[in-house]
Amino acid sequence: MRHLGFLFILAFCCDAKYVPEDGVYSVVENMPEYEAGMHAFESHVRSYIADIEEIDTGSVFISFIVATDGKLKEVKVVKSLNDVQDDLALNAVKNAPLKWKPGYDEGKAVEVKMVYPISFPK
C-alpha cells in the first residue's frame, strides 16, 4: 500500500507543468522566431558585421529574452572574443529592424531566453 501512495505522488508530480520561478523559459512548445524568419535575422547579422576588417576568428554568443510582445530585453554577451567584436555582435542583435514572434507554451505567450552564436570566420 505504501508503494501505491508513492506511485500516485510520483505520477502527480511528473504530470505537473514546469514553470520557472522567474517566469522565463528556455524551452517551450513553440520557440520564438524573428518576424521575417531566422534566415532573415541571420542575413541582417551577417550584413551588420560584414565591414569589419581585422577580426579574431571565433564566435560571440549573445543571450537575450524574447518578451511576450516580441521585443528583446536583457541582451548581453555571454561568450566573448574581444571588445570590438563583442560590441559589433551585440549591436547587430539589438538593432535588428523587426520584432520577434514570442514563444508559446500551452497556447499562451511566454518569455523565452535564447542564446544566439555569431561566428566571425577568417
# chains A, B, ... in the order shown; residues from 1 in each chain; ligands from 1
>>> residues_around(residues="A:Asn30", least_positions_apart="4", cutoff="9 Å", atoms="only C-alpha atoms", output="PDB file with C-alpha atoms, in the first residue's frame")
ATOM      1  CA  PRO A 102       7.060  35.406 -28.965  1.00  0.00           C
ATOM      2  CA  GLY A 103       7.347  31.861 -27.718  1.00  0.00           C
ATOM      3  CA  TYR A 104       4.167  29.991 -26.808  1.00  0.00           C
ATOM      4  CA  ASP A 105       3.586  27.325 -24.231  1.00  0.00           C
ATOM      5  CA  GLY A 107      -1.302  28.388 -26.107  1.00  0.00           C
TER       6      GLY A 107
END
>>> residues_around(residues="A:Gly70", least_positions_apart="4", cutoff="6 Å", atoms="only C-alpha atoms", output="ChimeraX atom specification")
/A:66,99-102
>>> closest_residue(among="A:Ile55, A:Val60, A:Met31, A:Ala50", to="A:Asp87", atoms="only C-alpha atoms")
A:Val60
>>> select_by_dssp(residues="chain A", states="helix (DSSP H, G or I)", output="PyMOL selection string")
chain A and resi 2-15+38-49+83-94
>>> write_last_selection(atoms="C-alpha atoms", output="PDB file, in the first residue's frame")
ATOM      1  CA  ARG A   2       2.894   2.358   0.771  1.00  0.00           C
ATOM      2  CA  HIS A   3       4.240   1.815  -2.723  1.00  0.00           C
ATOM      3  CA  LEU A   4       0.874   2.643  -4.251  1.00  0.00           C
ATOM      4  CA  GLY A   5       0.828   6.031  -2.497  1.00  0.00           C
ATOM      5  CA  PHE A   6       4.372   6.750  -3.706  1.00  0.00           C
ATOM      6  CA  LEU A   7       3.419   5.906  -7.288  1.00  0.00           C
ATOM      7  CA  PHE A   8       0.402   8.231  -7.063  1.00  0.00           C
ATOM      8  CA  ILE A   9       2.573  11.113  -5.821  1.00  0.00           C
ATOM      9  CA  LEU A  10       5.184  10.402  -8.483  1.00  0.00           C
ATOM     10  CA  ALA A  11       2.556  10.326 -11.223  1.00  0.00           C
ATOM     11  CA  PHE A  12       1.011  13.574  -9.956  1.00  0.00           C
ATOM     12  CA  CYS A  13       4.370  15.368  -9.756  1.00  0.00           C
ATOM     13  CA  CYS A  14       5.556  14.246 -13.156  1.00  0.00           C
ATOM     14  CA  ASP A  15       2.349  15.378 -14.831  1.00  0.00           C
ATOM     15  CA  MET A  38      15.547  33.116 -38.917  1.00  0.00           C
ATOM     16  CA  HIS A  39      17.241  33.287 -42.330  1.00  0.00           C
ATOM     17  CA  ALA A  40      16.367  37.000 -42.499  1.00  0.00           C
ATOM     18  CA  PHE A  41      17.750  37.535 -38.987  1.00  0.00           C
ATOM     19  CA  GLU A  42      20.955  35.736 -39.927  1.00  0.00           C
ATOM     20  CA  SER A  43      21.229  37.871 -43.096  1.00  0.00           C
ATOM     21  CA  HIS A  44      20.784  41.032 -41.011  1.00  0.00           C
ATOM     22  CA  VAL A  45      23.525  39.933 -38.609  1.00  0.00           C
ATOM     23  CA  ARG A  46      25.881  38.976 -41.476  1.00  0.00           C
ATOM     24  CA  SER A  47      25.414  42.346 -43.200  1.00  0.00           C
ATOM     25  CA  TYR A  48      25.895  44.179 -39.896  1.00  0.00           C
ATOM     26  CA  ILE A  49      29.276  42.557 -39.211  1.00  0.00           C
ATOM     27  CA  ASP A  83      35.571  44.242 -27.058  1.00  0.00           C
ATOM     28  CA  VAL A  84      35.248  45.303 -30.715  1.00  0.00           C
ATOM     29  CA  GLN A  85      33.651  42.101 -31.970  1.00  0.00           C
ATOM     30  CA  ASP A  86      31.524  41.730 -28.827  1.00  0.00           C
ATOM     31  CA  ASP A  87      30.078  45.238 -29.356  1.00  0.00           C
ATOM     32  CA  LEU A  88      29.515  44.572 -33.050  1.00  0.00           C
ATOM     33  CA  ALA A  89      27.656  41.308 -32.345  1.00  0.00           C
ATOM     34  CA  LEU A  90      25.658  42.887 -29.515  1.00  0.00           C
ATOM     35  CA  ASN A  91      24.590  45.829 -31.688  1.00  0.00           C
ATOM     36  CA  ALA A  92      23.702  43.529 -34.602  1.00  0.00           C
ATOM     37  CA  VAL A  93      21.160  41.771 -32.375  1.00  0.00           C
ATOM     38  CA  LYS A  94      19.911  44.938 -30.647  1.00  0.00           C
TER      39      LYS A  94
END
>>> residues_around(residues="A:Ser59", least_positions_apart="6", cutoff="7 Å", atoms="only C-alpha atoms", output="mmCIF file with N, CA and C atoms, in the first residue's frame")
data_model
loop_
_atom_site.group_PDB
_atom_site.id
_atom_site.type_symbol
_atom_site.label_atom_id
_atom_site.label_comp_id
_atom_site.auth_asym_id
_atom_site.auth_seq_id
_atom_site.Cartn_x
_atom_site.Cartn_y
_atom_site.Cartn_z
ATOM 1 N N LEU A 81 34.774 37.384 -27.526
ATOM 2 C CA LEU A 81 36.006 37.277 -28.321
ATOM 3 C C LEU A 81 36.939 38.431 -27.957
ATOM 4 N N PRO A 117 24.601 32.341 -31.373
ATOM 5 C CA PRO A 117 26.024 32.463 -31.674
ATOM 6 C C PRO A 117 26.250 33.255 -32.956
ATOM 7 N N ILE A 118 27.210 34.165 -32.923
ATOM 8 C CA ILE A 118 27.581 34.926 -34.119
ATOM 9 C C ILE A 118 29.028 34.591 -34.444
ATOM 10 N N SER A 119 29.220 33.943 -35.593
ATOM 11 C CA SER A 119 30.539 33.483 -35.995
ATOM 12 C C SER A 119 31.286 34.542 -36.794
ATOM 13 N N PHE A 120 32.561 34.626 -36.527
ATOM 14 C CA PHE A 120 33.464 35.501 -37.274
ATOM 15 C C PHE A 120 34.506 34.586 -37.931
#
>>> atom_distance(atom1="atom CA of A:Lys76", atom2="atom CA of A:Glu53")
23.3 Å
>>> closest_residue(among="A:Ile65, A:Ala96, A:Leu72, A:Val28", to="A:Val115", atoms="only C-alpha atoms")
A:Ile65
>>> atom_distance(atom1="atom CA of A:Val112", atom2="atom CA of A:Asn82")
26.9 Å
>>> select_by_dssp(residues="chain A", states="strand (DSSP E or B)", output="PyMOL selection string")
chain A and resi 24-25+30+33-34+58-66+72-79+100-101+103-105+108-120
>>> write_last_selection(atoms="C-alpha atoms", output="mmCIF file, in the first residue's frame")
data_model
loop_
_atom_site.group_PDB
_atom_site.id
_atom_site.type_symbol
_atom_site.label_atom_id
_atom_site.label_comp_id
_atom_site.auth_asym_id
_atom_site.auth_seq_id
_atom_site.Cartn_x
_atom_site.Cartn_y
_atom_site.Cartn_z
ATOM 1 C CA VAL A 24 11.437 32.991 -18.233
ATOM 2 C CA TYR A 25 11.502 29.685 -20.094
ATOM 3 C CA ASN A 30 6.670 26.985 -29.988
ATOM 4 C CA GLU A 33 11.189 33.353 -34.153
ATOM 5 C CA TYR A 34 12.231 36.535 -35.905
ATOM 6 C CA GLY A 58 35.673 32.561 -33.431
ATOM 7 C CA SER A 59 32.177 33.169 -32.111
ATOM 8 C CA VAL A 60 30.454 35.637 -29.818
ATOM 9 C CA PHE A 61 27.412 34.265 -28.020
ATOM 10 C CA ILE A 62 24.603 36.736 -27.354
ATOM 11 C CA SER A 63 21.923 35.983 -24.769
ATOM 12 C CA PHE A 64 18.539 37.698 -24.817
ATOM 13 C CA ILE A 65 14.972 37.287 -23.629
ATOM 14 C CA VAL A 66 12.133 37.452 -26.146
ATOM 15 C CA LEU A 72 14.125 41.803 -26.867
ATOM 16 C CA LYS A 73 15.349 42.517 -23.369
ATOM 17 C CA GLU A 74 18.435 41.743 -21.295
ATOM 18 C CA VAL A 75 20.597 41.487 -24.424
ATOM 19 C CA LYS A 76 24.163 40.670 -23.392
ATOM 20 C CA VAL A 77 27.364 38.885 -24.363
ATOM 21 C CA VAL A 78 27.750 35.522 -22.642
ATOM 22 C CA LYS A 79 30.830 34.321 -24.565
ATOM 23 C CA TRP A 100 10.280 38.659 -32.822
ATOM 24 C CA LYS A 101 7.256 36.393 -32.642
ATOM 25 C CA GLY A 103 7.347 31.861 -27.718
ATOM 26 C CA TYR A 104 4.167 29.991 -26.808
ATOM 27 C CA ASP A 105 3.586 27.325 -24.231
ATOM 28 C CA LYS A 108 -0.035 31.301 -24.026
ATOM 29 C CA ALA A 109 2.738 33.760 -24.965
ATOM 30 C CA VAL A 110 5.655 33.421 -22.544
ATOM 31 C CA GLU A 111 9.091 34.977 -22.142
ATOM 32 C CA VAL A 112 11.895 32.817 -23.511
ATOM 33 C CA LYS A 113 15.640 33.163 -23.007
ATOM 34 C CA MET A 114 17.689 32.406 -26.094
ATOM 35 C CA VAL A 115 21.392 32.304 -26.924
ATOM 36 C CA TYR A 116 22.471 33.165 -30.463
ATOM 37 C CA PRO A 117 26.024 32.463 -31.674
ATOM 38 C CA ILE A 118 27.581 34.926 -34.119
ATOM 39 C CA SER A 119 30.539 33.483 -35.995
ATOM 40 C CA PHE A 120 33.464 35.501 -37.274
#
